[in-house]
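Content type mmCIF, C-alpha atoms, from the file final27.cif:
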```
data_model
loop_
_atom_site.label_atom_id
_atom_site.label_comp_id
_atom_site.auth_asym_id
_atom_site.auth_seq_id
_atom_site.Cartn_x
_atom_site.Cartn_y
_atom_site.Cartn_z
CA MET U 1 -30.60 -21.07 77.92
CA CYS U 2 -33.83 -19.26 78.57
CA CYS U 3 -33.64 -15.54 78.99
CA PRO U 4 -35.39 -13.91 81.96
CA VAL U 5 -37.08 -11.32 79.78
CA VAL U 6 -39.98 -12.36 77.62
CA VAL U 7 -41.76 -10.15 75.14
CA ARG U 8 -45.38 -11.04 74.55
CA GLY U 9 -47.38 -9.75 71.62
CA GLY U 10 -51.00 -9.35 70.63
CA PRO U 11 -53.51 -7.53 72.78
CA PRO U 12 -52.72 -6.23 75.33
CA ARG U 13 -49.12 -6.33 74.00
CA GLN U 14 -46.98 -6.08 77.03
CA ILE U 15 -43.42 -6.60 78.00
CA VAL U 16 -43.22 -8.87 80.96
CA CYS U 17 -40.04 -8.85 82.88
CA ARG U 18 -39.92 -11.95 85.01
CA ARG U 19 -36.76 -11.20 86.87
CA ARG U 20 -37.57 -7.62 87.79
CA SER U 21 -41.12 -8.12 88.93
CA GLY U 22 -41.52 -4.41 89.62
CA LEU U 23 -41.73 -3.85 85.90
CA ALA U 24 -44.04 -6.74 85.13
CA GLY U 25 -47.10 -5.73 83.20
CA ARG U 26 -46.38 -2.03 83.51
CA VAL U 27 -45.06 -1.42 80.06
CA SER U 28 -47.37 -1.49 77.09
CA GLY U 29 -45.97 -1.30 73.62
CA TRP U 30 -46.89 -2.06 70.07
CA TRP U 31 -44.85 -5.16 69.70
CA GLU U 32 -46.10 -7.36 66.89
CA GLY U 33 -46.53 -11.03 67.46
CA ILE U 34 -45.35 -13.26 70.20
CA GLN U 35 -41.63 -13.58 70.40
CA PRO U 36 -39.62 -14.90 73.27
CA CYS U 37 -36.55 -12.74 73.12
CA ARG U 38 -33.07 -14.05 72.65
CA PHE U 39 -31.20 -11.79 74.99
CA PRO U 40 -28.07 -13.08 76.58
CA VAL U 41 -28.37 -13.88 80.24
CA GLY U 42 -26.77 -12.12 83.20
CA LYS U 43 -25.84 -8.48 83.10
CA SER U 44 -26.68 -8.17 79.43
CA ALA U 45 -30.21 -9.32 80.13
CA ALA U 46 -30.67 -6.71 82.82
CA LEU U 47 -29.27 -4.09 80.46
CA SER U 48 -31.56 -5.20 77.67
CA ALA U 49 -34.62 -5.17 79.91
CA THR U 50 -33.85 -1.65 81.06
CA TYR U 51 -33.19 -0.56 77.52
CA VAL U 52 -36.38 -2.00 76.08
CA THR U 53 -38.44 -0.58 78.91
CA SER U 54 -36.98 2.90 78.62
CA ARG U 55 -37.46 2.90 74.85
CA LEU U 56 -41.08 1.87 75.06
CA LEU U 57 -41.82 4.28 77.87
CA ALA U 58 -40.42 7.04 75.70
CA GLY U 59 -42.71 5.97 72.85
CA MET U 60 -39.81 4.83 70.69
CA SER U 61 -39.43 1.71 68.66
CA VAL U 62 -37.21 -1.19 69.61
CA ASP U 63 -35.12 -3.13 67.20
CA MET U 64 -35.23 -6.44 68.98
CA GLU U 65 -32.53 -7.96 66.80
CA ASN U 66 -30.04 -5.40 68.03
CA VAL U 67 -31.08 -5.08 71.63
CA GLY U 68 -28.46 -7.43 72.91
CA LEU U 69 -25.78 -5.82 70.81
CA THR U 70 -26.02 -2.24 72.00
CA GLN U 71 -23.42 -2.56 74.70
CA SER U 72 -20.87 -0.69 72.65
CA LEU U 73 -21.45 3.02 72.34
CA GLN U 74 -19.94 5.40 69.83
CA VAL U 75 -19.31 8.74 71.52
CA LEU U 76 -19.47 11.47 68.90
CA ALA U 77 -18.83 15.19 69.04
CA ILE U 78 -21.84 17.28 68.13
CA SER U 79 -22.10 21.02 67.89
CA ALA U 80 -23.25 22.92 70.94
CA GLY U 81 -26.73 24.34 71.12
CA PRO U 82 -27.35 28.09 71.25
CA GLU U 83 -28.04 27.96 74.99
CA ASP U 84 -25.02 25.86 75.92
CA ARG U 85 -22.80 27.94 78.16
CA PHE U 86 -21.16 25.63 80.68
CA ARG U 87 -18.60 22.92 80.04
CA LEU U 88 -19.75 19.53 81.27
CA THR U 89 -16.71 19.49 83.54
CA ASP U 90 -17.54 22.89 85.02
CA PRO U 91 -18.70 23.04 88.63
CA TYR U 92 -22.06 24.28 87.36
CA VAL U 93 -23.03 20.80 86.18
CA GLU U 94 -21.84 19.23 89.41
CA GLU U 95 -23.43 21.76 91.72
CA VAL U 96 -26.62 22.81 89.93
CA TRP U 97 -27.60 20.30 87.26
CA SER U 98 -26.82 17.47 89.68
CA GLU U 99 -30.02 18.20 91.60
CA PHE U 100 -32.00 17.11 88.55
CA LEU U 101 -29.65 14.60 87.03
CA GLY U 102 -28.71 12.64 90.13
CA PRO U 103 -25.23 11.39 90.94
CA THR U 104 -24.76 8.75 88.24
CA ALA U 105 -25.84 10.97 85.36
CA THR U 106 -23.77 13.84 86.74
CA LEU U 107 -20.62 11.74 86.90
CA LEU U 108 -21.30 10.30 83.45
CA ALA U 109 -21.80 13.80 82.04
CA ARG U 110 -18.45 14.86 83.47
CA ARG U 111 -16.82 11.70 82.16
CA LEU U 112 -18.27 12.13 78.66
CA GLY U 113 -17.39 15.81 78.66
CA ARG U 114 -13.78 15.06 79.48
CA SER U 115 -13.74 12.24 76.95
CA ILE U 116 -14.84 14.52 74.11
CA GLU U 117 -12.34 17.18 75.12
CA VAL U 118 -9.49 14.68 75.06
CA ARG U 119 -10.69 12.91 71.91
CA PRO U 120 -12.69 15.39 69.81
CA GLY U 121 -12.98 12.78 67.09
CA GLY U 122 -15.02 10.57 69.39
CA GLN U 123 -14.38 7.10 70.64
CA GLN U 124 -15.95 3.73 71.19
CA VAL U 125 -16.82 2.83 74.77
CA GLU U 126 -18.33 -0.28 76.26
CA VAL U 127 -21.39 0.29 78.42
CA GLY U 128 -19.94 -2.12 80.96
CA ASP U 129 -16.68 -0.17 81.18
CA LEU U 130 -18.48 3.15 81.40
CA ALA U 131 -20.70 1.81 84.16
CA ALA U 132 -17.85 0.21 86.08
CA SER U 133 -15.89 3.44 85.97
CA VAL U 134 -18.56 5.19 88.00
CA GLY U 135 -19.25 2.17 90.19
CA VAL U 136 -22.71 1.16 88.97
CA ALA U 137 -24.31 -1.71 87.06
CA PRO U 138 -24.69 -1.33 83.28
CA GLY U 139 -28.46 -0.94 83.54
CA VAL U 140 -28.05 2.01 85.87
CA ALA U 141 -25.64 3.66 83.46
CA VAL U 142 -28.09 3.18 80.59
CA LYS U 143 -30.84 4.80 82.64
CA ALA U 144 -28.51 7.68 83.47
CA LEU U 145 -27.72 8.16 79.78
CA ALA U 146 -31.45 8.24 79.05
CA ARG U 147 -31.81 10.84 81.79
CA LEU U 148 -29.04 12.98 80.32
CA ASN U 149 -30.82 12.74 76.99
CA ARG U 150 -34.13 13.79 78.53
CA PHE U 151 -32.54 16.87 80.07
CA GLU U 152 -30.64 17.53 76.82
CA VAL U 153 -27.29 17.59 78.53
CA VAL U 154 -26.02 14.70 76.40
CA HIS U 155 -27.87 13.35 73.39
CA SER U 156 -28.13 9.65 72.84
CA ASP U 157 -29.77 7.18 70.54
CA LEU U 158 -29.16 3.99 72.43
CA GLY U 159 -30.88 1.92 69.76
CA ARG U 160 -28.08 2.80 67.40
CA GLY U 161 -25.47 2.87 70.09
CA VAL U 162 -24.69 6.54 69.55
CA VAL U 163 -24.04 9.18 72.19
CA GLY U 164 -23.69 12.75 70.99
CA VAL U 165 -21.70 15.04 73.25
CA SER U 166 -21.09 18.72 72.63
CA GLY U 167 -19.11 19.04 75.83
CA TYR U 168 -21.42 21.82 76.97
CA ALA U 169 -24.68 22.17 78.83
CA PRO U 170 -27.22 24.95 79.00
CA PRO U 171 -28.14 26.67 82.27
CA VAL U 172 -31.05 25.17 84.15
CA GLY U 173 -34.21 26.58 82.55
CA ASP U 174 -36.56 29.01 84.25
CA GLU U 175 -39.24 26.50 85.22
CA ARG U 176 -36.64 24.20 86.78
CA LEU U 177 -35.06 27.02 88.74
CA PHE U 178 -38.01 26.99 91.11
CA ARG U 179 -37.42 23.35 91.91
CA LEU U 180 -33.78 23.87 92.88
CA SER U 181 -32.84 23.84 96.54
CA GLU U 182 -31.88 27.14 98.11
CA MET U 183 -28.23 26.18 97.88
CA GLY U 184 -28.71 25.24 94.23
CA ARG U 185 -30.32 28.58 93.42
CA ILE U 186 -27.52 30.47 95.12
CA SER U 187 -24.95 28.47 93.14
CA HIS U 188 -26.87 29.02 89.91
CA ASP U 189 -26.99 32.79 90.48
CA ARG U 190 -23.30 32.87 91.33
CA PHE U 191 -22.26 30.95 88.22
CA MET U 192 -24.52 32.99 85.96
CA ALA U 193 -23.17 36.24 87.40
CA ASP U 194 -19.66 34.95 86.82
CA LEU U 195 -20.50 34.12 83.19
CA ASP U 196 -21.98 37.56 82.62
CA ALA U 197 -18.92 39.15 84.16
CA ARG U 198 -16.70 37.22 81.77
CA HIS U 199 -18.98 37.98 78.80
CA ILE U 200 -19.28 34.35 77.90
CA ILE U 201 -21.71 34.13 75.04
CA PRO U 202 -23.95 31.16 74.39
CA GLY U 203 -22.66 28.49 72.08
CA ARG U 204 -19.02 29.07 72.84
CA ALA U 205 -18.43 25.42 72.00
CA ALA U 206 -18.52 26.49 68.38
CA GLU U 207 -14.93 27.59 68.85
CA MET U 208 -13.86 24.03 69.47
CA PHE U 209 -15.46 22.85 66.26
CA ALA U 210 -14.18 25.78 64.26
CA ALA U 211 -10.71 24.59 65.21
CA ALA U 212 -11.42 21.06 64.04
CA PRO U 213 -14.28 21.30 61.55
CA THR U 214 -14.04 17.73 60.33
CA VAL U 215 -14.54 16.08 63.66
CA GLY U 216 -17.58 17.95 64.87
CA ILE U 217 -20.97 16.88 63.68
CA ASP U 218 -23.59 19.50 63.14
CA ARG U 219 -26.73 18.41 64.92
CA GLY U 220 -28.86 20.01 62.27
CA VAL U 221 -27.25 18.30 59.29
CA VAL U 222 -26.34 14.78 60.29
CA PRO U 223 -29.47 12.64 60.16
CA LEU U 224 -28.87 11.04 63.51
CA ALA U 225 -32.03 10.42 65.42
CA ILE U 226 -30.48 12.15 68.35
CA ARG U 227 -32.76 15.13 68.76
CA MET K 1 -23.95 2.12 114.17
CA LEU K 2 -25.90 4.59 112.17
CA ARG K 3 -29.19 2.94 113.05
CA SER K 4 -28.84 4.01 116.63
CA GLY K 5 -27.41 7.35 115.69
CA ARG K 6 -29.08 10.63 114.98
CA LEU K 7 -28.58 10.44 111.27
CA TYR K 8 -30.77 7.38 110.79
CA LEU K 9 -34.20 8.10 109.39
CA GLY K 10 -36.76 5.33 109.65
CA MET K 11 -39.69 5.12 107.27
CA ASP K 12 -42.06 6.62 109.81
CA GLU K 13 -39.80 9.39 111.02
CA THR K 14 -40.41 12.93 109.90
CA PRO K 15 -37.45 14.48 108.18
CA ASN K 16 -36.39 17.01 110.79
CA PRO K 17 -33.46 19.21 109.90
CA THR K 18 -30.26 17.36 110.69
CA ILE K 19 -27.21 19.51 110.94
CA LEU K 20 -23.92 17.92 110.03
CA HIS K 21 -20.79 19.46 111.49
CA VAL K 22 -18.08 19.26 108.87
CA VAL K 23 -14.78 19.62 110.72
CA PRO K 24 -11.21 19.63 109.45
CA LEU K 25 -8.97 16.68 110.21
CA SER K 26 -5.25 16.40 109.69
CA ALA K 27 -4.33 14.28 106.69
CA GLN K 28 -2.80 10.84 107.15
CA ALA K 29 0.69 10.00 105.98
CA ASP K 30 -0.56 8.21 102.87
CA ASP K 31 -3.16 10.82 101.87
CA ARG K 32 -1.92 12.21 98.59
CA TRP K 33 -4.96 13.13 96.48
CA ARG K 34 -7.23 16.09 96.98
CA LEU K 35 -10.84 14.97 97.16
CA SER K 36 -11.59 17.12 94.12
CA ASP K 37 -8.77 15.54 92.11
CA ARG K 38 -9.40 13.36 89.09
CA TYR K 39 -8.03 10.39 91.00
CA VAL K 40 -11.01 10.31 93.33
CA GLU K 41 -13.47 10.80 90.48
CA GLU K 42 -11.96 8.23 88.14
CA VAL K 43 -10.37 5.61 90.39
CA TRP K 44 -11.95 5.73 93.83
CA SER K 45 -15.38 6.09 92.17
CA GLU K 46 -15.30 2.42 91.14
CA HIS K 47 -15.34 1.46 94.82
CA LEU K 48 -17.32 4.35 96.22
CA GLY K 49 -20.11 4.60 93.67
CA PRO K 50 -21.48 7.85 92.24
CA THR K 51 -23.22 9.33 95.27
CA ALA K 52 -20.27 8.88 97.61
CA THR K 53 -17.89 10.17 94.96
CA LEU K 54 -19.88 13.34 94.42
CA LEU K 55 -20.27 13.81 98.18
CA ALA K 56 -16.54 13.39 98.68
CA ARG K 57 -15.83 16.04 96.08
CA ARG K 58 -18.39 18.34 97.64
CA LEU K 59 -17.04 17.86 101.16
CA GLY K 60 -13.51 18.38 99.89
CA ARG K 61 -14.46 21.68 98.30
CA MET K 62 -16.35 22.66 101.44
CA ILE K 63 -13.34 22.17 103.67
CA GLU K 64 -11.12 24.05 101.25
CA GLU K 65 -13.51 27.01 101.29
CA HIS K 66 -14.09 26.79 105.05
CA PRO K 67 -10.86 25.49 106.59
CA GLY K 68 -12.27 25.99 110.06
CA GLY K 69 -15.25 23.74 109.36
CA VAL K 70 -18.85 24.42 108.48
CA ASP K 71 -22.32 23.28 109.50
CA ILE K 72 -24.61 21.98 106.79
CA ASP K 73 -28.12 20.61 106.67
CA LEU K 74 -28.09 16.97 105.64
CA ALA K 75 -31.15 17.58 103.45
CA ASP K 76 -29.31 20.31 101.56
CA LEU K 77 -26.29 18.08 101.12
CA ALA K 78 -28.49 15.28 99.76
CA ALA K 79 -30.51 17.58 97.51
CA GLY K 80 -27.27 19.00 96.17
CA VAL K 81 -26.38 15.68 94.61
CA GLY K 82 -29.95 14.81 93.69
CA VAL K 83 -30.63 12.02 96.19
CA GLN K 84 -32.73 11.46 99.27
CA ARG K 85 -31.33 11.86 102.77
CA GLY K 86 -31.16 8.16 103.44
CA ILE K 87 -29.02 7.58 100.38
CA ALA K 88 -26.74 10.43 101.35
CA VAL K 89 -26.29 8.90 104.81
CA LYS K 90 -25.45 5.53 103.28
CA ALA K 91 -22.93 7.24 101.03
CA LEU K 92 -21.33 8.99 104.02
CA GLU K 93 -21.17 5.62 105.75
CA ARG K 94 -19.46 4.21 102.69
CA LEU K 95 -16.94 7.05 102.64
CA ASN K 96 -16.25 6.32 106.29
CA ARG K 97 -15.75 2.61 105.59
CA PHE K 98 -13.20 3.42 102.90
CA GLU K 99 -11.61 6.04 105.17
CA VAL K 100 -12.01 8.80 102.62
CA VAL K 101 -13.92 10.90 105.15
CA HIS K 102 -14.62 10.05 108.78
CA LEU K 103 -18.13 9.99 110.16
CA SER K 104 -19.35 10.01 113.73
CA ALA K 105 -23.04 9.41 113.33
CA GLU K 106 -23.89 9.85 117.01
CA GLN K 107 -22.41 13.33 117.07
CA SER K 108 -23.37 14.19 113.49
CA VAL K 109 -19.77 15.06 112.79
CA VAL K 110 -18.01 14.52 109.49
CA GLY K 111 -14.24 14.80 109.66
CA VAL K 112 -12.66 15.79 106.39
CA SER K 113 -8.97 16.16 105.73
CA GLY K 114 -9.61 17.12 102.13
CA PHE K 115 -7.32 14.33 100.97
CA ALA K 116 -7.60 10.64 100.18
CA PRO K 117 -5.01 7.89 99.92
CA SER K 118 -4.35 5.91 96.76
CA VAL K 119 -6.37 2.78 96.20
CA HIS K 120 -4.05 0.04 97.39
CA GLY K 121 -3.74 -3.67 97.99
CA ALA K 122 -6.53 -5.94 96.89
CA ARG K 123 -8.66 -2.98 95.89
CA VAL K 124 -6.33 -2.24 93.00
CA LEU K 125 -6.95 -5.76 91.72
CA ARG K 126 -10.69 -5.20 91.87
CA LEU K 127 -10.49 -2.10 89.67
CA SER K 128 -11.58 -2.39 86.06
CA GLU K 129 -8.87 -2.48 83.42
CA ARG K 130 -9.47 1.17 82.67
CA GLY K 131 -9.43 2.00 86.37
CA ARG K 132 -6.06 0.30 86.80
CA LEU K 133 -4.66 2.18 83.82
CA VAL K 134 -5.86 5.52 85.19
CA HIS K 135 -4.53 4.59 88.64
CA ASP K 136 -1.09 3.74 87.22
CA ARG K 137 -0.97 6.84 85.05
CA LEU K 138 -1.99 9.25 87.79
CA VAL K 139 0.30 7.67 90.37
CA ALA K 140 3.21 7.79 87.92
CA ALA K 141 2.46 11.44 87.09
CA SER K 142 2.26 12.21 90.79
CA GLU K 143 5.64 10.58 91.41
CA VAL K 144 7.19 12.68 88.66
CA ALA K 145 5.66 15.81 90.13
CA ARG K 146 6.93 14.88 93.57
CA PRO K 147 10.42 13.43 92.94
CA ALA K 148 12.04 11.20 95.49
CA PRO K 149 14.86 12.87 97.47
CA SER K 150 18.16 12.68 95.66
CA VAL K 151 20.81 10.15 96.73
CA ARG K 152 23.13 12.98 97.76
CA ALA K 153 20.51 14.49 100.03
CA VAL K 154 19.85 11.11 101.63
CA GLN K 155 23.60 10.52 102.17
CA ALA K 156 23.96 13.96 103.74
CA ALA K 157 21.06 13.24 106.08
CA VAL K 158 22.55 9.88 107.11
CA GLY K 159 25.94 11.54 107.58
CA ARG K 160 24.45 14.10 109.90
CA LEU K 161 22.94 11.31 111.99
CA SER K 162 26.33 9.63 112.40
CA ASP K 163 28.17 12.83 113.40
CA ARG K 164 29.51 12.84 116.94
CA ARG K 165 27.63 15.43 118.89
CA PRO K 166 27.85 16.33 122.57
CA ALA K 167 25.11 14.80 124.64
CA PRO K 168 22.55 17.33 125.88
CA VAL K 169 23.17 18.45 129.44
CA ARG K 170 20.19 18.12 131.71
CA GLY K 171 19.96 20.11 134.87
CA LEU K 172 19.42 17.66 137.69
CA ALA K 173 17.42 18.70 140.71
CA LEU K 174 19.80 18.01 143.57
#
```
Structure translated into structure tokens:
Amino acid sequence: MCCPVVVRGGPPRQIVCRRRSGLAGRVSGWWEGIQPCRFPVGKSAALSATYVTSRLLAGMSVDMENVGLTQSLQVLAISAGPEDRFRLTDPYVEEVWSEFLGPTATLLARRLGRSIEVRPGGQQVEVGDLAASVGVAPGVAVKALARLNRFEVVHSDLGRGVVGVSGYAPPVGDERLFRLSEMGRISHDRFMADLDARHIIPGRAAEMFAAAPTVGIDRGVVPLAIR
Amino acid sequence: MLRSGRLYLGMDETPNPTILHVVPLSAQADDRWRLSDRYVEEVWSEHLGPTATLLARRLGRMIEEHPGGVDIDLADLAAGVGVQRGIAVKALERLNRFEVVHLSAEQSVVGVSGFAPSVHGARVLRLSERGRLVHDRLVAASEVARPAPSVRAVQAAVGRLSDRRPAPVRGLAL
């Protein structure tokens, strides 16, 4: 059965998405040769189209053989960054980061944060299940994961089906502070003042990994193409 | 209908400040979950979608912090969850349809009890497998936390009902 997404090669080397005409002709890549793709139809096709598009827009390569197979994600624990100060399940993420992340990415961040707290060794999740649990289509969930990666709240390499979660997020950076709403800025100031009052130091997630050193993965050591 | 109400924003309308009056409502008999509980985030979210879920949590927290009600700019509410006003209005409409919060678009009033009922009936069947598992687990945990009245207490209550008691005397106006 013919798939709705067709990859064309050669100059000008474009991905043409027939079903989602809004994307047609907008994405230029470096794809070699002409190759009608062999994506499955239905939801998987929509997922694959979104995935390929987001990868190419980000200037990354696409392993076409595996595109249709990336519906299963391995959620892994990674060490927290030096700026990470808030748990993903803290109100800070929901009340401040949400203005940048949007609702789907915010809920996914909370979900992944809770998941890594409950299972520090990581777990396998299906994109479809993850998406259904927040009430969206798989393609929307994939976009939200890409968004979390862009804002460095969660780190993902969707090509390899890996999502790295420290369970923590940094405060919104200085340049983004100016783009927060007034309510968001007030919340940010309140949460930061609360942190300072409690003397929470950056990178407190290290405690979690010190307790279980074999399950955490050091971002700097493991050669995952996550960062 | 929202389209005839004050909350509706057409494409050509300028986004004037729209104040929403968030007012407290009494909870219904089957409301058992706080809007900020995991149940709403992990079970109701499958039906509500992410925007409505986040708004429900936000409204729940709002009514807990301001039990007498609070006025809020719709634009602030929408920006707070990272969406445009129109999407926030649709999400409020959705919350109203599922009776998680109650919206009167004409009066720009959102009634919030702070609680939501369990997903029930056919909606349970439409949950994902994981959603059903979480639903069952949380409901079971809630039942344990709130035990049914003991048999002895029920018997005592029934016994009191069957006791002979003198009928109340009413003063008649002669």
Quick one: which residues end up in the PyMOL selection byres ((chain K) within 10 of (chain U)) for this structure, as a ChimeraX atom specification? /K:41-55,57-58,75-83,127-131
Which neighbours of K:Asp73 fall inside 9 Å, counting all atoms listed in the file, when residues of the same chain fewer than 4 positions from it are skipped, and could you give them as a list in words? Pro17, Thr18, Ile19, Leu20, His21, Leu77 and Ala78 of chain K
Quick one, how far is atom CA of K:Leu59 from atom CA of K:Gly114? 7.5 Å
List the neighbours of U:Leu112 out to 12 Å using only C-alpha atoms; skip same-chain residues closer than 3 positions along the sequence, and give me the result as a PDB file with C-alpha atoms, in the coordinates of the input.
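Just written: part_34.pdb:
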```
ATOM      1  CA  LEU U  73     -21.450   3.020  72.340  1.00  0.00           C
ATOM      2  CA  GLN U  74     -19.940   5.400  69.830  1.00  0.00           C
ATOM      3  CA  VAL U  75     -19.310   8.740  71.520  1.00  0.00           C
ATOM      4  CA  LEU U  76     -19.470  11.470  68.900  1.00  0.00           C
ATOM      5  CA  ALA U  77     -18.830  15.190  69.040  1.00  0.00           C
ATOM      6  CA  ARG U  87     -18.600  22.920  80.040  1.00  0.00           C
ATOM      7  CA  LEU U  88     -19.750  19.530  81.270  1.00  0.00           C
ATOM      8  CA  THR U  89     -16.710  19.490  83.540  1.00  0.00           C
ATOM      9  CA  ALA U 105     -25.840  10.970  85.360  1.00  0.00           C
ATOM     10  CA  THR U 106     -23.770  13.840  86.740  1.00  0.00           C
ATOM     11  CA  LEU U 107     -20.620  11.740  86.900  1.00  0.00           C
ATOM     12  CA  LEU U 108     -21.300  10.300  83.450  1.00  0.00           C
ATOM     13  CA  ALA U 109     -21.800  13.800  82.040  1.00  0.00           C
ATOM     14  CA  SER U 115     -13.740  12.240  76.950  1.00  0.00           C
ATOM     15  CA  ILE U 116     -14.840  14.520  74.110  1.00  0.00           C
ATOM     16  CA  GLU U 117     -12.340  17.180  75.120  1.00  0.00           C
ATOM     17  CA  VAL U 118      -9.490  14.680  75.060  1.00  0.00           C
ATOM     18  CA  ARG U 119     -10.690  12.910  71.910  1.00  0.00           C
ATOM     19  CA  PRO U 120     -12.690  15.390  69.810  1.00  0.00           C
ATOM     20  CA  GLY U 122     -15.020  10.570  69.390  1.00  0.00           C
ATOM     21  CA  GLN U 123     -14.380   7.100  70.640  1.00  0.00           C
ATOM     22  CA  GLN U 124     -15.950   3.730  71.190  1.00  0.00           C
ATOM     23  CA  VAL U 125     -16.820   2.830  74.770  1.00  0.00           C
ATOM     24  CA  LEU U 130     -18.480   3.150  81.400  1.00  0.00           C
ATOM     25  CA  ALA U 131     -20.700   1.810  84.160  1.00  0.00           C
ATOM     26  CA  SER U 133     -15.890   3.440  85.970  1.00  0.00           C
ATOM     27  CA  VAL U 134     -18.560   5.190  88.000  1.00  0.00           C
ATOM     28  CA  LEU U 145     -27.720   8.160  79.780  1.00  0.00           C
ATOM     29  CA  LEU U 148     -29.040  12.980  80.320  1.00  0.00           C
ATOM     30  CA  VAL U 153     -27.290  17.590  78.530  1.00  0.00           C
ATOM     31  CA  VAL U 154     -26.020  14.700  76.400  1.00  0.00           C
ATOM     32  CA  HIS U 155     -27.870  13.350  73.390  1.00  0.00           C
ATOM     33  CA  SER U 156     -28.130   9.650  72.840  1.00  0.00           C
ATOM     34  CA  VAL U 163     -24.040   9.180  72.190  1.00  0.00           C
ATOM     35  CA  GLY U 164     -23.690  12.750  70.990  1.00  0.00           C
ATOM     36  CA  VAL U 165     -21.700  15.040  73.250  1.00  0.00           C
ATOM     37  CA  SER U 166     -21.090  18.720  72.630  1.00  0.00           C
ATOM     38  CA  GLY U 167     -19.110  19.040  75.830  1.00  0.00           C
ATOM     39  CA  TYR U 168     -21.420  21.820  76.970  1.00  0.00           C
ATOM     40  CA  ALA U 169     -24.680  22.170  78.830  1.00  0.00           C
TER      41      ALA U 169
END
```
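Closest to U:Gly161 among U:Arg114, U:Val127, U:Gly139, U:Ala193 is U:Val127, based on all atoms listed in the file.
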d(atom CA of U:Leu195, atom CA of U:Arg176) in Å: 19.3 Å
Between atom CA of U:Pro138 and atom CA of U:Tyr92, what distance in Å does the model show, to one decimal?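 Here the two named atoms are 26.1 Å from each other.
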Ranking K:Val124, K:Ala140, K:Leu92, K:Ala56 by minimum distance to K:Val109 and counting all atoms listed in the file, which one comes first?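 Counting all atoms listed in the file, the residue closest to K:Val109 is K:Leu92.
The smallest atom-to-atom distance between K:Val22 and any of K:Phe98, K:Val110, K:Val89, K:Glu64, using only C-alpha atoms, is found for K:Val110.
By all atoms listed in the file, and with residues fewer than 3 positions from K:Pro24 along its chain excluded, the set lying at most 12 Å from it is K:His21, K:Ala27, K:Leu59, K:Gly60, K:Arg61, K:Met62, K:Ile63, K:Glu64, K:Glu65, K:His66, K:Pro67, K:Gly68, K:Gly69, K:Val70, K:Asp71, K:Val101, K:His102, K:Leu103, K:Val109, K:Val110, K:Gly111, K:Val112, K:Ser113, K:Gly114, K:Phe115.
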